[in-house]
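For reference, model11.cif (mmCIF, C-alpha atoms):
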```
data_data
loop_
_atom_site.label_atom_id
_atom_site.label_comp_id
_atom_site.auth_asym_id
_atom_site.auth_seq_id
_atom_site.Cartn_x
_atom_site.Cartn_y
_atom_site.Cartn_z
CA MET A 1 8.71 7.89 -15.39
CA LYS A 2 8.57 4.28 -16.58
CA GLN A 3 8.50 3.46 -20.28
CA ASN A 4 4.99 2.73 -21.53
CA PRO A 5 4.84 -0.18 -24.01
CA LEU A 6 1.41 0.85 -25.34
CA PRO A 7 1.22 3.02 -28.49
CA ALA A 8 2.19 6.64 -27.84
CA GLU A 9 -1.07 7.83 -29.39
CA LEU A 10 -4.30 6.93 -27.63
CA PRO A 11 -6.54 4.94 -29.99
CA GLY A 12 -9.76 6.64 -31.08
CA THR A 13 -12.82 4.50 -30.44
CA ASP A 14 -16.46 5.44 -30.56
CA ARG A 15 -16.38 6.01 -26.82
CA THR A 16 -13.13 7.90 -26.53
CA ARG A 17 -13.34 10.16 -29.58
CA HIS A 18 -13.58 13.77 -28.48
CA ARG A 19 -16.89 14.92 -29.85
CA ARG A 20 -17.05 18.27 -28.12
CA LEU A 21 -14.57 20.85 -26.88
CA ARG A 22 -12.03 19.20 -29.13
CA GLU A 23 -9.35 21.63 -28.10
CA GLN A 24 -9.45 20.13 -24.63
CA GLY A 25 -8.85 16.56 -25.79
CA SER A 26 -5.43 14.97 -25.87
CA ASP A 27 -4.40 11.85 -27.77
CA ASP A 28 -1.07 11.60 -26.01
CA ARG A 29 -0.42 8.56 -23.85
CA GLY A 30 2.12 10.53 -21.85
CA ALA A 31 -0.71 12.84 -20.76
CA LEU A 32 -2.72 9.80 -19.63
CA ASP A 33 0.20 8.38 -17.64
CA ALA A 34 0.83 11.77 -16.01
CA ILE A 35 -2.81 12.16 -14.91
CA LEU A 36 -2.94 8.64 -13.50
CA GLY A 37 0.41 9.12 -11.77
CA ALA A 38 -0.69 12.35 -10.11
CA GLY A 39 -3.42 10.83 -7.93
CA PHE A 40 -4.74 7.72 -6.26
CA LEU A 41 -8.53 8.16 -6.21
CA CYS A 42 -10.84 7.41 -9.11
CA HIS A 43 -14.55 7.23 -9.70
CA PHE A 44 -15.43 3.71 -10.80
CA GLY A 45 -18.59 3.49 -12.91
CA VAL A 46 -20.38 0.20 -13.41
CA VAL A 47 -23.93 -0.85 -14.22
CA VAL A 48 -25.56 -2.75 -11.35
CA ASP A 49 -29.12 -4.05 -11.79
CA GLY A 50 -29.48 -1.86 -14.87
CA HIS A 51 -28.47 1.36 -13.15
CA PRO A 52 -25.16 3.17 -13.13
CA MET A 53 -23.23 3.23 -9.87
CA VAL A 54 -20.28 5.60 -9.43
CA VAL A 55 -18.05 4.54 -6.56
CA PRO A 56 -15.02 6.47 -5.32
CA THR A 57 -12.15 4.06 -4.82
CA VAL A 58 -8.37 3.94 -4.81
CA TYR A 59 -6.44 2.63 -7.78
CA GLY A 60 -2.94 1.64 -8.72
CA ALA A 61 -1.58 2.31 -12.21
CA ASP A 62 1.28 0.64 -14.03
CA ALA A 63 2.17 1.03 -17.70
CA LEU A 64 -0.54 -1.39 -18.88
CA ASN A 65 -3.31 -1.53 -16.30
CA LEU A 66 -5.29 0.11 -13.56
CA TYR A 67 -5.78 -2.03 -10.47
CA PHE A 68 -8.66 -1.92 -7.99
CA HIS A 69 -9.38 -3.89 -4.88
CA GLY A 70 -12.29 -4.46 -2.63
CA SER A 71 -14.11 -6.92 -0.46
CA VAL A 72 -15.52 -10.07 -2.03
CA ALA A 73 -18.91 -8.72 -0.83
CA SER A 74 -18.75 -5.46 -2.82
CA ARG A 75 -21.62 -5.09 -5.29
CA SER A 76 -19.76 -2.86 -7.71
CA LEU A 77 -16.64 -5.04 -7.84
CA VAL A 78 -18.59 -8.25 -8.26
CA ALA A 79 -20.57 -6.79 -11.17
CA ALA A 80 -17.56 -5.29 -12.89
CA PRO A 81 -15.83 -8.29 -14.53
CA THR A 82 -18.90 -9.17 -16.57
CA ALA A 83 -19.52 -5.71 -18.01
CA THR A 84 -17.88 -2.60 -19.31
CA VAL A 85 -16.80 -0.10 -16.72
CA CYS A 86 -15.79 3.53 -17.05
CA VAL A 87 -13.17 4.73 -14.62
CA THR A 88 -12.51 8.46 -14.33
CA VAL A 89 -9.62 10.22 -12.62
CA THR A 90 -9.94 14.00 -12.26
CA HIS A 91 -7.63 16.66 -10.86
CA VAL A 92 -9.13 20.12 -10.37
CA ASP A 93 -6.52 22.84 -10.88
CA GLY A 94 -8.62 25.94 -10.39
CA LEU A 95 -11.63 28.05 -11.21
CA VAL A 96 -11.92 29.88 -14.53
CA LEU A 97 -13.57 33.22 -13.77
CA ALA A 98 -14.61 34.80 -17.05
CA ARG A 99 -16.24 38.12 -17.87
CA SER A 100 -19.48 36.30 -18.63
CA VAL A 101 -21.17 33.68 -16.48
CA PHE A 102 -21.50 31.54 -19.62
CA GLU A 103 -17.71 31.19 -19.97
CA HIS A 104 -17.09 30.26 -16.34
CA GLY A 105 -15.49 26.89 -15.89
CA VAL A 106 -12.80 24.81 -14.30
CA ASN A 107 -9.18 24.10 -15.14
CA TYR A 108 -8.72 20.38 -14.80
CA ARG A 109 -6.99 17.25 -16.00
CA SER A 110 -9.14 14.19 -16.48
CA ALA A 111 -8.75 10.66 -17.81
CA MET A 112 -11.52 8.19 -18.64
CA ILE A 113 -10.69 4.53 -19.11
CA TYR A 114 -13.17 2.08 -20.62
CA GLY A 115 -13.04 -1.69 -20.61
CA THR A 116 -14.05 -4.92 -18.97
CA PRO A 117 -11.91 -5.61 -15.92
CA ARG A 118 -10.26 -8.95 -15.37
CA VAL A 119 -10.16 -10.64 -11.96
CA VAL A 120 -6.56 -11.16 -10.95
CA THR A 121 -6.23 -14.68 -9.54
CA ASP A 122 -2.57 -15.62 -10.02
CA PRO A 123 -0.98 -15.21 -6.55
CA THR A 124 2.19 -13.53 -7.87
CA GLU A 125 0.24 -11.10 -10.04
CA LYS A 126 -2.20 -10.44 -7.18
CA LEU A 127 0.62 -9.51 -4.85
CA ALA A 128 2.22 -7.27 -7.52
CA ALA A 129 -1.12 -5.55 -8.12
CA LEU A 130 -1.63 -4.96 -4.39
CA ARG A 131 1.87 -3.54 -4.19
CA CYS A 132 1.08 -1.20 -7.10
CA LEU A 133 -2.17 -0.11 -5.40
CA THR A 134 -0.46 0.49 -2.04
CA GLU A 135 2.48 2.39 -3.50
CA GLN A 136 0.22 4.61 -5.61
CA SER A 137 -1.21 6.42 -2.58
CA ALA A 138 1.39 5.58 0.03
CA PRO A 139 4.82 5.14 -1.56
CA GLY A 140 7.24 3.31 0.74
CA GLN A 141 4.52 1.59 2.75
CA TRP A 142 4.73 -1.77 0.95
CA ASP A 143 8.23 -2.29 2.31
CA TYR A 144 7.47 -0.67 5.68
CA ALA A 145 4.06 -1.97 6.81
CA ARG A 146 3.03 -5.58 7.40
CA ARG A 147 2.35 -7.32 4.08
CA PRO A 148 -0.99 -9.07 3.49
CA SER A 149 -1.46 -12.51 4.99
CA ARG A 150 -2.78 -15.45 2.99
CA LYS A 151 -6.19 -14.96 4.64
CA GLU A 152 -6.25 -11.24 3.85
CA LEU A 153 -5.31 -11.93 0.24
CA ALA A 154 -8.16 -14.44 -0.06
CA ALA A 155 -10.65 -11.86 1.26
CA THR A 156 -9.60 -9.31 -1.38
CA VAL A 157 -10.90 -9.11 -4.93
CA LEU A 158 -8.37 -7.60 -7.30
CA LEU A 159 -9.37 -6.27 -10.69
CA ALA A 160 -7.12 -5.23 -13.57
CA LEU A 161 -8.42 -2.86 -16.24
CA SER A 162 -6.37 -2.43 -19.41
CA LEU A 163 -5.34 1.11 -20.28
CA GLU A 164 -5.82 0.42 -23.99
CA GLU A 165 -9.07 2.37 -24.36
CA ALA A 166 -8.72 5.74 -22.71
CA SER A 167 -9.35 9.38 -23.34
CA VAL A 168 -7.87 12.48 -21.78
CA LYS A 169 -9.24 15.97 -21.37
CA ILE A 170 -7.24 18.91 -20.08
CA ARG A 171 -8.16 22.55 -19.66
CA THR A 172 -5.55 25.09 -18.66
CA GLY A 173 -5.08 28.83 -18.73
CA ASP A 174 -7.20 31.93 -19.08
CA PRO A 175 -10.93 32.30 -19.67
CA ASP A 176 -12.05 32.10 -23.30
CA ASP A 177 -13.71 35.51 -23.55
CA GLY A 178 -10.56 37.64 -23.60
CA ASP A 179 -10.72 38.14 -27.38
CA GLY A 180 -14.46 38.72 -27.78
CA PRO A 181 -16.77 41.67 -27.21
CA ASP A 182 -16.97 40.90 -23.47
CA ALA A 183 -13.27 41.81 -23.15
CA ALA A 184 -14.34 45.48 -23.23
CA LEU A 185 -16.44 45.06 -20.06
CA PRO A 186 -15.00 46.48 -16.82
CA ILE A 187 -15.04 43.01 -15.24
CA TRP A 188 -12.08 41.23 -13.71
CA ALA A 189 -11.27 37.91 -15.35
CA GLY A 190 -8.69 35.26 -14.64
CA THR A 191 -8.20 32.06 -12.72
CA LEU A 192 -8.22 31.09 -9.07
CA PRO A 193 -5.87 28.12 -8.59
CA LEU A 194 -6.64 25.19 -6.30
CA VAL A 195 -3.75 23.35 -4.71
CA THR A 196 -3.90 20.13 -2.70
CA THR A 197 -1.09 19.55 -0.20
CA PHE A 198 -0.25 17.04 2.51
CA GLY A 199 -0.52 18.33 6.07
CA SER A 200 1.50 17.15 9.07
CA GLU A 201 1.23 13.48 9.90
CA ARG A 202 -1.00 12.61 12.88
CA PRO A 203 0.04 9.59 14.95
CA ASP A 204 -2.62 7.02 15.85
CA ALA A 205 -3.90 7.54 19.41
CA ALA A 206 -2.85 3.96 20.24
CA LEU A 207 0.71 4.39 18.97
CA PRO A 208 3.57 4.20 21.54
CA GLU A 209 5.38 7.54 21.66
CA ALA A 210 8.72 5.90 20.93
CA ILE A 211 7.60 4.99 17.40
CA THR A 212 8.23 7.98 15.16
CA ALA A 213 7.05 8.45 11.58
CA PRO A 214 9.54 7.15 9.00
CA PRO A 215 11.16 9.55 6.48
CA HIS A 216 9.09 8.30 3.52
CA ILE A 217 6.00 9.63 5.32
CA THR A 218 7.38 12.84 6.86
CA ALA A 219 9.00 13.81 3.54
CA ARG A 220 5.53 14.26 2.03
CA VAL A 221 4.38 16.86 4.56
CA GLY A 222 3.92 20.18 2.79
CA THR A 223 4.31 18.65 -0.67
CA ARG A 224 1.71 18.92 -3.35
CA LEU A 225 -0.54 16.14 -4.54
CA GLY A 226 -1.39 16.04 -8.22
CA MET B 1 -26.96 26.93 6.26
CA LYS B 2 -30.40 26.95 4.71
CA GLN B 3 -33.20 24.84 6.12
CA ASN B 4 -33.72 21.61 4.21
CA PRO B 5 -37.39 20.69 3.69
CA LEU B 6 -36.63 17.03 2.94
CA PRO B 7 -36.84 14.47 5.78
CA ALA B 8 -33.90 14.72 8.18
CA GLU B 9 -33.22 11.03 7.75
CA LEU B 10 -32.11 9.82 4.33
CA PRO B 11 -34.53 7.16 3.05
CA GLY B 12 -33.16 3.64 2.68
CA THR B 13 -33.71 2.19 -0.77
CA ASP B 14 -32.23 -0.90 -2.34
CA ARG B 15 -29.57 1.27 -3.95
CA THR B 16 -28.70 3.45 -1.01
CA ARG B 17 -28.75 0.94 1.82
CA HIS B 18 -25.28 0.52 3.25
CA ARG B 19 -24.47 -3.13 2.71
CA ARG B 20 -20.84 -3.01 3.69
CA LEU B 21 -18.70 -1.00 6.07
CA ARG B 22 -21.90 0.00 7.80
CA GLU B 23 -20.00 2.08 10.30
CA GLN B 24 -19.05 4.44 7.50
CA GLY B 25 -22.62 5.08 6.36
CA SER B 26 -24.65 8.03 7.50
CA ASP B 27 -28.42 8.43 7.28
CA ASP B 28 -28.30 12.11 8.20
CA ARG B 29 -29.49 14.61 5.62
CA GLY B 30 -27.35 17.29 7.28
CA ALA B 31 -24.28 15.23 6.38
CA LEU B 32 -25.46 15.09 2.76
CA ASP B 33 -26.01 18.85 2.61
CA ALA B 34 -22.59 19.49 4.15
CA ILE B 35 -20.81 17.26 1.62
CA LEU B 36 -22.60 18.85 -1.32
CA GLY B 37 -21.96 22.34 0.07
CA ALA B 38 -18.24 21.71 0.48
CA GLY B 39 -17.47 21.30 -3.22
CA PHE B 40 -18.52 22.03 -6.76
CA LEU B 41 -17.29 19.07 -8.83
CA CYS B 42 -19.09 15.76 -9.13
CA HIS B 43 -18.74 12.60 -11.18
CA PHE B 44 -21.89 12.13 -13.21
CA GLY B 45 -22.59 8.51 -14.14
CA VAL B 46 -25.00 7.63 -16.92
CA VAL B 47 -25.48 4.68 -19.25
CA VAL B 48 -24.82 5.63 -22.90
CA ASP B 49 -25.27 2.94 -25.59
CA GLY B 50 -25.38 0.29 -22.88
CA HIS B 51 -22.10 1.32 -21.27
CA PRO B 52 -21.46 3.43 -18.19
CA MET B 53 -19.91 6.85 -18.71
CA VAL B 54 -18.51 8.78 -15.74
CA VAL B 55 -18.10 12.46 -16.54
CA PRO B 56 -16.56 15.05 -14.22
CA THR B 57 -18.76 18.12 -14.19
CA VAL B 58 -19.71 21.06 -11.98
CA TYR B 59 -22.95 21.06 -10.03
CA GLY B 60 -25.08 23.41 -8.01
CA ALA B 61 -26.97 22.20 -4.95
CA ASP B 62 -30.00 23.71 -3.27
CA ALA B 63 -32.12 22.11 -0.57
CA LEU B 64 -34.06 19.92 -3.01
CA ASN B 65 -31.97 19.37 -6.14
CA LEU B 66 -28.62 19.09 -7.79
CA TYR B 67 -28.29 21.09 -11.01
CA PHE B 68 -26.04 20.34 -13.98
CA HIS B 69 -25.49 22.12 -17.24
CA GLY B 70 -23.90 21.38 -20.54
CA SER B 71 -24.06 21.87 -24.25
CA VAL B 72 -27.08 20.60 -26.16
CA ALA B 73 -24.55 18.40 -28.01
CA SER B 74 -23.30 16.56 -24.94
CA ARG B 75 -23.83 12.80 -25.12
CA SER B 76 -24.02 12.25 -21.38
CA LEU B 77 -26.48 15.08 -20.75
CA VAL B 78 -28.74 14.11 -23.63
CA ALA B 79 -28.91 10.51 -22.41
CA ALA B 80 -29.51 11.43 -18.78
CA PRO B 81 -33.18 12.50 -18.68
CA THR B 82 -34.38 9.14 -19.96
CA ALA B 83 -32.47 6.98 -17.51
CA THR B 84 -31.27 6.70 -13.97
CA VAL B 85 -28.05 8.48 -13.20
CA CYS B 86 -25.71 8.17 -10.24
CA VAL B 87 -23.93 11.33 -9.22
CA THR B 88 -21.06 11.10 -6.75
CA VAL B 89 -19.34 13.90 -4.86
CA THR B 90 -16.16 12.95 -2.99
CA HIS B 91 -13.82 14.90 -0.74
CA VAL B 92 -10.53 13.21 0.16
CA ASP B 93 -9.37 14.23 3.64
CA GLY B 94 -6.22 12.17 3.97
CA LEU B 95 -4.41 8.87 3.85
CA VAL B 96 -4.94 6.22 6.52
CA LEU B 97 -1.55 4.61 7.12
CA ALA B 98 -2.09 1.48 9.16
CA ARG B 99 0.33 -1.05 10.60
CA SER B 100 -0.77 -3.56 7.97
CA VAL B 101 -1.08 -2.93 4.24
CA PHE B 102 -4.52 -4.55 4.43
CA GLU B 103 -5.88 -1.78 6.69
CA HIS B 104 -4.55 1.09 4.59
CA GLY B 105 -7.23 3.41 3.29
CA VAL B 106 -8.47 6.92 2.83
CA ASN B 107 -10.35 9.35 5.04
CA TYR B 108 -13.10 10.82 2.91
CA ARG B 109 -16.62 12.19 2.71
CA SER B 110 -18.74 11.01 -0.16
CA ALA B 111 -22.33 11.36 -1.33
CA MET B 112 -24.08 9.33 -4.03
CA ILE B 113 -27.35 10.58 -5.49
CA TYR B 114 -29.57 8.38 -7.64
CA GLY B 115 -32.46 9.39 -9.81
CA THR B 116 -33.71 10.39 -13.23
CA PRO B 117 -32.89 14.01 -13.96
CA ARG B 118 -35.49 16.40 -15.26
CA VAL B 119 -34.72 18.92 -18.00
CA VAL B 120 -35.36 22.42 -16.68
CA THR B 121 -37.26 24.37 -19.33
CA ASP B 122 -39.13 27.09 -17.43
CA PRO B 123 -37.08 30.30 -18.06
CA THR B 124 -37.33 31.51 -14.46
CA GLU B 125 -36.34 28.13 -13.04
CA LYS B 126 -33.55 27.82 -15.61
CA LEU B 127 -32.07 31.15 -14.58
CA ALA B 128 -32.34 30.23 -10.89
CA ALA B 129 -30.63 26.90 -11.56
CA LEU B 130 -27.81 28.61 -13.47
CA ARG B 131 -27.40 31.04 -10.61
CA CYS B 132 -27.19 28.14 -8.15
CA LEU B 133 -24.59 26.42 -10.37
CA THR B 134 -22.50 29.57 -10.74
CA GLU B 135 -22.61 30.48 -7.07
CA GLN B 136 -21.65 26.96 -5.99
CA SER B 137 -18.11 27.24 -7.37
CA ALA B 138 -17.78 30.99 -7.68
CA PRO B 139 -19.86 32.77 -5.03
CA GLY B 140 -20.42 36.41 -5.87
CA GLN B 141 -19.91 35.98 -9.60
CA TRP B 142 -23.61 35.88 -10.53
CA ASP B 143 -23.99 39.49 -9.45
CA TYR B 144 -20.55 40.53 -10.72
CA ALA B 145 -20.08 38.92 -14.15
CA ARG B 146 -22.23 39.36 -17.25
CA ARG B 147 -25.41 37.29 -16.95
CA PRO B 148 -26.32 34.78 -19.70
CA SER B 149 -27.94 36.15 -22.84
CA ARG B 150 -31.09 34.66 -24.34
CA LYS B 151 -28.95 32.92 -26.98
CA GLU B 152 -26.56 31.51 -24.37
CA LEU B 153 -29.48 30.23 -22.31
CA ALA B 154 -30.91 28.48 -25.36
CA ALA B 155 -27.59 26.74 -26.02
CA THR B 156 -27.47 25.36 -22.48
CA VAL B 157 -29.15 22.19 -21.25
CA LEU B 158 -30.02 22.36 -17.59
CA LEU B 159 -30.82 19.24 -15.59
CA ALA B 160 -32.29 18.98 -12.10
CA LEU B 161 -31.79 15.84 -10.04
CA SER B 162 -33.85 15.40 -6.87
CA LEU B 163 -31.89 14.81 -3.66
CA GLU B 164 -34.54 12.40 -2.40
CA GLU B 165 -32.55 9.21 -3.02
CA ALA B 166 -29.07 9.64 -1.66
CA SER B 167 -26.50 7.91 0.48
CA VAL B 168 -23.54 9.23 2.39
CA LYS B 169 -20.31 7.56 3.43
CA ILE B 170 -17.75 9.14 5.71
CA ARG B 171 -14.49 7.80 7.12
CA THR B 172 -12.55 9.78 9.68
CA GLY B 173 -9.84 9.18 12.23
CA ASP B 174 -7.21 6.62 13.00
CA PRO B 175 -6.42 3.31 11.29
CA ASP B 176 -8.48 0.34 12.42
CA ASP B 177 -5.66 -1.89 13.58
CA GLY B 178 -4.79 -0.04 16.79
CA ASP B 179 -6.63 -2.57 18.97
CA GLY B 180 -5.60 -5.80 17.28
CA PRO B 181 -2.46 -7.95 17.36
CA ASP B 182 -0.76 -5.67 14.79
CA ALA B 183 -0.71 -2.87 17.39
CA ALA B 184 2.27 -4.61 18.98
CA LEU B 185 4.35 -4.23 15.80
CA PRO B 186 7.06 -1.53 15.81
CA ILE B 187 5.38 0.23 12.88
CA TRP B 188 4.25 3.86 12.79
CA ALA B 189 0.53 4.30 12.15
CA GLY B 190 -1.64 7.33 11.76
CA THR B 191 -3.04 9.63 9.11
CA LEU B 192 -1.57 12.04 6.59
CA PRO B 193 -4.10 14.83 5.97
CA LEU B 194 -4.77 16.33 2.56
CA VAL B 195 -5.88 19.92 2.36
CA THR B 196 -7.10 21.79 -0.73
CA THR B 197 -6.68 25.57 -0.70
CA PHE B 198 -7.16 28.45 -3.11
CA GLY B 199 -3.96 30.06 -4.38
CA SER B 200 -3.54 33.68 -5.45
CA GLU B 201 -5.77 34.87 -8.26
CA ARG B 202 -4.12 35.16 -11.69
CA PRO B 203 -5.42 37.90 -13.96
CA ASP B 204 -6.24 37.05 -17.57
CA ALA B 205 -3.39 38.07 -19.91
CA ALA B 206 -5.84 40.23 -21.87
CA LEU B 207 -7.12 42.10 -18.80
CA PRO B 208 -6.39 45.85 -18.54
CA GLU B 209 -4.17 46.49 -15.50
CA ALA B 210 -6.64 48.99 -14.09
CA ILE B 211 -9.20 46.25 -13.43
CA THR B 212 -8.39 44.66 -10.09
CA ALA B 213 -9.94 41.54 -8.64
CA PRO B 214 -13.06 42.19 -6.55
CA PRO B 215 -13.12 41.34 -2.82
CA HIS B 216 -15.39 38.31 -3.23
CA ILE B 217 -12.57 36.70 -5.26
CA THR B 218 -9.51 37.89 -3.32
CA ALA B 219 -11.15 36.91 -0.01
CA ARG B 220 -10.91 33.25 -1.03
CA VAL B 221 -7.13 33.26 -1.51
CA GLY B 222 -5.55 31.03 1.13
CA THR B 223 -8.89 29.64 2.26
CA ARG B 224 -9.71 26.00 2.29
CA LEU B 225 -12.03 24.23 -0.10
CA GLY B 226 -14.11 21.37 1.27
#
```

Hey, can you dump this file as C-alpha cells for me?
Amino acid sequence: MKQNPLPAELPGTDRTRHRRLREQGSDDRGALDAILGAGFLCHFGVVVDGHPMVVPTVYGADALNLYFHGSVASRSLVAAPTATVCVTVTHVDGLVLARSVFEHGVNYRSAMIYGTPRVVTDPTEKLAALRCLTEQSAPGQWDYARRPSRKELAATVLLALSLEEASVKIRTGDPDDGDGPDAALPIWAGTLPLVTTFGSERPDAALPEAITAPPHITARVGTRLG
Amino acid sequence: MKQNPLPAELPGTDRTRHRRLREQGSDDRGALDAILGAGFLCHFGVVVDGHPMVVPTVYGADALNLYFHGSVASRSLVAAPTATVCVTVTHVDGLVLARSVFEHGVNYRSAMIYGTPRVVTDPTEKLAALRCLTEQSAPGQWDYARRPSRKELAATVLLALSLEEASVKIRTGDPDDGDGPDAALPIWAGTLPLVTTFGSERPDAALPEAITAPPHITARVGTRLG
C-alpha cells in the first residue's frame, strides 16, 4: 500500500466526530485507505435545488484525493464544486443475528468524506485522475484499452475531493447481547457473512473469437472484492 | 411478490425525470419493487446544518413505504422528518470492460426515492414497520428472536418514506463500443460479473454448543443476495 502523506490520525471536525456508537468509529487513516482501496463504488451526496441527491458512482482514490467523473450535463456533478458534498463508501460484511430483534444489525466498513470538490482542469492532472479512476475498478485496463481522445477528455468533468475531512465506521464480530440476560435464551445467535466475488468474464457478443481475455482480467475470476 | 397498489408507472417529477442516459432509466414500478426487494442496505441522504450527509443504513420495504430506524440521538434521523431526503439503493452486477477507457462502466440496478419521511408513532404501525425492517435483511428472525420490549421500542425512532416519488436506473449487458470504430481494435471487451453470496453461519462465541442454527438461517448459506 502506498504511503499516505496526510496525518495518520483522522482530524475530528464537527461533522466527522463520532457522536454515537463510539466503539464503531475509527480515527485511523490506514482504516480509511483500506476501505477506499477495497471498492470502486461510492454514494455521492450533493444538494441540488435545495434537496439532497444521492448518486451511485465510481471513484478513484489516491493518497490525497477521491476522483469522480461524469458528463458535463450531469446535474449532481455540476452542482458539486460550489457546495459541500458527502461521499460514502460502504462494504457490507454480513448480518448480525442477535438473540433479540433489537440487537440485530450489520457488520460493515464505511467511510464518509466531506468537502467541496475541485474541478480538475490541468490536462496532465486530468489524465492522471482518469487513470486513477480506471485502475480503481479495472486494474490493468489503462495500459490495455484505448486511452481517452482529446474530444472524450473535453466531454468529461473530473472532480477531486480532498481526503482531509473523513470519518470511518467499522463493525465486526459477534452480536452484542452475548453477555446480557438474553444470552440465557434458547436462541441461536451469530453472524451470516456476505462475500462478493468476481464471476467468469463474459465476452462481448460483437467480439471476434480470436481475441481472448488478457491475464489481468482472467486473474480476477473467483477472487473476492472488498 | 406482493401486489403493489401504487400506479404501475413511476410518476415523472422534476427530480426523478431521467435527464441523461435515458436508455438506462425505467418507469416501471415492478423494477423499483424488485430492486428494493433484492437488498437491505441503502444510502440515506439528508441535509444536516446545511450540508449533505449520506448514511448507510438498513431499510425495510413494503408496497407503499420504505422504513428506517435508529436511535433517538441520531443526527441524520432527527433531521430527516423536517426535510426532503434522498434514499438510494444500489446493486452492482459487474464491470463493463470496453475497448476504450471512455466506455468503461458498471452494470448495476439502482433506485432513488425522494420525499419527506414521517415519524411512525402509532404502536401497531411501529411494530409492523420494525417487523418489515427485520424481515428485509433477516427473514424468519421476527418470529424466532426475542421481540422488542416496550423500553426498546421507545428508544427507537422509526421513519416511513413513501415510495410515490422514485426513479430507477438499470444498466445491463455488453459495452457500448461494439458497433463503433473501436470494435476493429484487437482489444478484448466484455463484462466481469460480481456476485454476492452468503457464507456459512458463524455461531456467537458465547453461544452454548447445544443451540444450533435454525433452518431459516442455514438455508441461506451459499445463496445469492441481490

TODO: Could you state which residues are captured by the PyMOL selection byres ((chain A and resi 107) around 7) in this file, as a list in words?
DONE: Val92, Asp93, Gly94, Leu95, Val96, Gly105, Val106, Tyr108, Arg171 and Thr172 of chain A

Using C-alpha atoms, can you write the selected residues to a file as a PDB file, in the coordinates of the input?
```pdb
ATOM      1  CA  VAL A  92      -9.130  20.120 -10.370  1.00  0.00           C
ATOM      2  CA  ASP A  93      -6.520  22.840 -10.880  1.00  0.00           C
ATOM      3  CA  GLY A  94      -8.620  25.940 -10.390  1.00  0.00           C
ATOM      4  CA  LEU A  95     -11.630  28.050 -11.210  1.00  0.00           C
ATOM      5  CA  VAL A  96     -11.920  29.880 -14.530  1.00  0.00           C
ATOM      6  CA  GLY A 105     -15.490  26.890 -15.890  1.00  0.00           C
ATOM      7  CA  VAL A 106     -12.800  24.810 -14.300  1.00  0.00           C
ATOM      8  CA  TYR A 108      -8.720  20.380 -14.800  1.00  0.00           C
ATOM      9  CA  ARG A 171      -8.160  22.550 -19.660  1.00  0.00           C
ATOM     10  CA  THR A 172      -5.550  25.090 -18.660  1.00  0.00           C
TER      11      THR A 172
END
```

- [ ] Step by step, work through what the PyMOL selection byres ((chain B and resi 99) around 12) selects in the shown file, and finish by giving those residues as an MDAnalysis selection string.
- [x] (chainID A and resid 141:148 203:204 206:207 211 213) or (chainID B and resid 96:98 100:105 174:191)

Task: Contacts of Val54 of chain B within 9 Å, only C-alpha atoms, excl. fewer than 4 positions in-chain, as a ChimeraX atom specification - done: /A:43-45,54,86-88,112 /B:43-47,76,87

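Note that the spacing between atom CA of Leu41 of chain A and atom CA of Glu164 of chain B amounts to 26.6 Å.
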
Task: 12 Å contact set for Gly50 of chain A, only C-alpha atoms, chain neighbours under 2 positions out, as a PyMOL selection string - done: (chain A and resi 46-48+52-53+79+83) or (chain B and resi 15+46-48+50-52+83-86)

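Distance-wise, atom CA of Ala80 of chain A and atom CA of Ser26 of chain B end up 25.4 Å apart.
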
Open item on the list: Please compute the atom CA of Asp27 of chain A-atom CA of Val195 of chain A distance, one decimal, in Å.
Closed with: 25.8 Å

Task: Selection result of the PyMOL selection byres ((chain B and resi 116-133) around 9) on this file, as a PyMOL selection string - done: (chain A and resi 101) or (chain B and resi 40+58-62+66-69+80-86+114-115+134-138+142+148+153+157-162)

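The nearest approach to Ala166 of chain A among the residues A:Leu194, A:Ala31, A:Ile113, A:Leu36, with only C-alpha atoms taken into account, belongs to A:Ile113.
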
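Nearest residue to Gly70 of chain B among B:Thr156, B:Ser110, B:Ser200, B:Thr57 is B:Thr156, counting only C-alpha atoms.
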
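Near Ala111 of chain A, within 6 Å and counting all atoms listed in the file, sit A:Thr88, A:Val89, A:Ser167, A:Val168, not including residues fewer than 6 positions from it in the same chain.
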
Store the residues picked out above in a file with C-alpha atoms, as a PDB file, keeping the file's coordinate frame.
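See again.pdb below for the written result:
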```
ATOM      1  CA  THR A  88     -12.510   8.460 -14.330  1.00  0.00           C
ATOM      2  CA  VAL A  89      -9.620  10.220 -12.620  1.00  0.00           C
ATOM      3  CA  SER A 167      -9.350   9.380 -23.340  1.00  0.00           C
ATOM      4  CA  VAL A 168      -7.870  12.480 -21.780  1.00  0.00           C
TER       5      VAL A 168
END
```

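Using all atoms listed in the file for every distance, the candidate list A:Arg29, A:Arg109, A:Arg202, A:Arg224 yields A:Arg202 as the residue closest to chain B.
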
Near Gly199 of chain B, counting only C-alpha atoms, which residues have an atom at most 8 Å away, once you skip same-chain residues fewer than 2 positions from it, shown as a compact mmCIF listing (two decimals) with C-alpha atoms, keeping the file's coordinate frame?
```
# COMPACT_ATOMS: atom_id res chain seq x y z
CA LEU A 192 -8.22 31.09 -9.07
CA PRO A 193 -5.87 28.12 -8.59
CA LEU A 194 -6.64 25.19 -6.30
CA VAL A 195 -3.75 23.35 -4.71
CA THR B 197 -6.68 25.57 -0.70
CA GLU B 201 -5.77 34.87 -8.26
CA VAL B 221 -7.13 33.26 -1.51
CA GLY B 222 -5.55 31.03 1.13
```

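You can rank B:Pro139, B:Gly37, B:Pro56, B:Gly25 by their closest distance to chain A using only C-alpha atoms, and at the top of that list sits B:Pro56.
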
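The smallest atom-to-atom distance between chain A and any of B:Leu32, B:Val55, B:Leu64, B:Leu163, using only C-alpha atoms, is found for B:Val55.
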
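Minimum atom-to-atom distances from A:Glu165, A:Gly226, A:Arg150, A:Thr90 to chain B were compared using all atoms listed in the file, and the lowest value belongs to A:Thr90.
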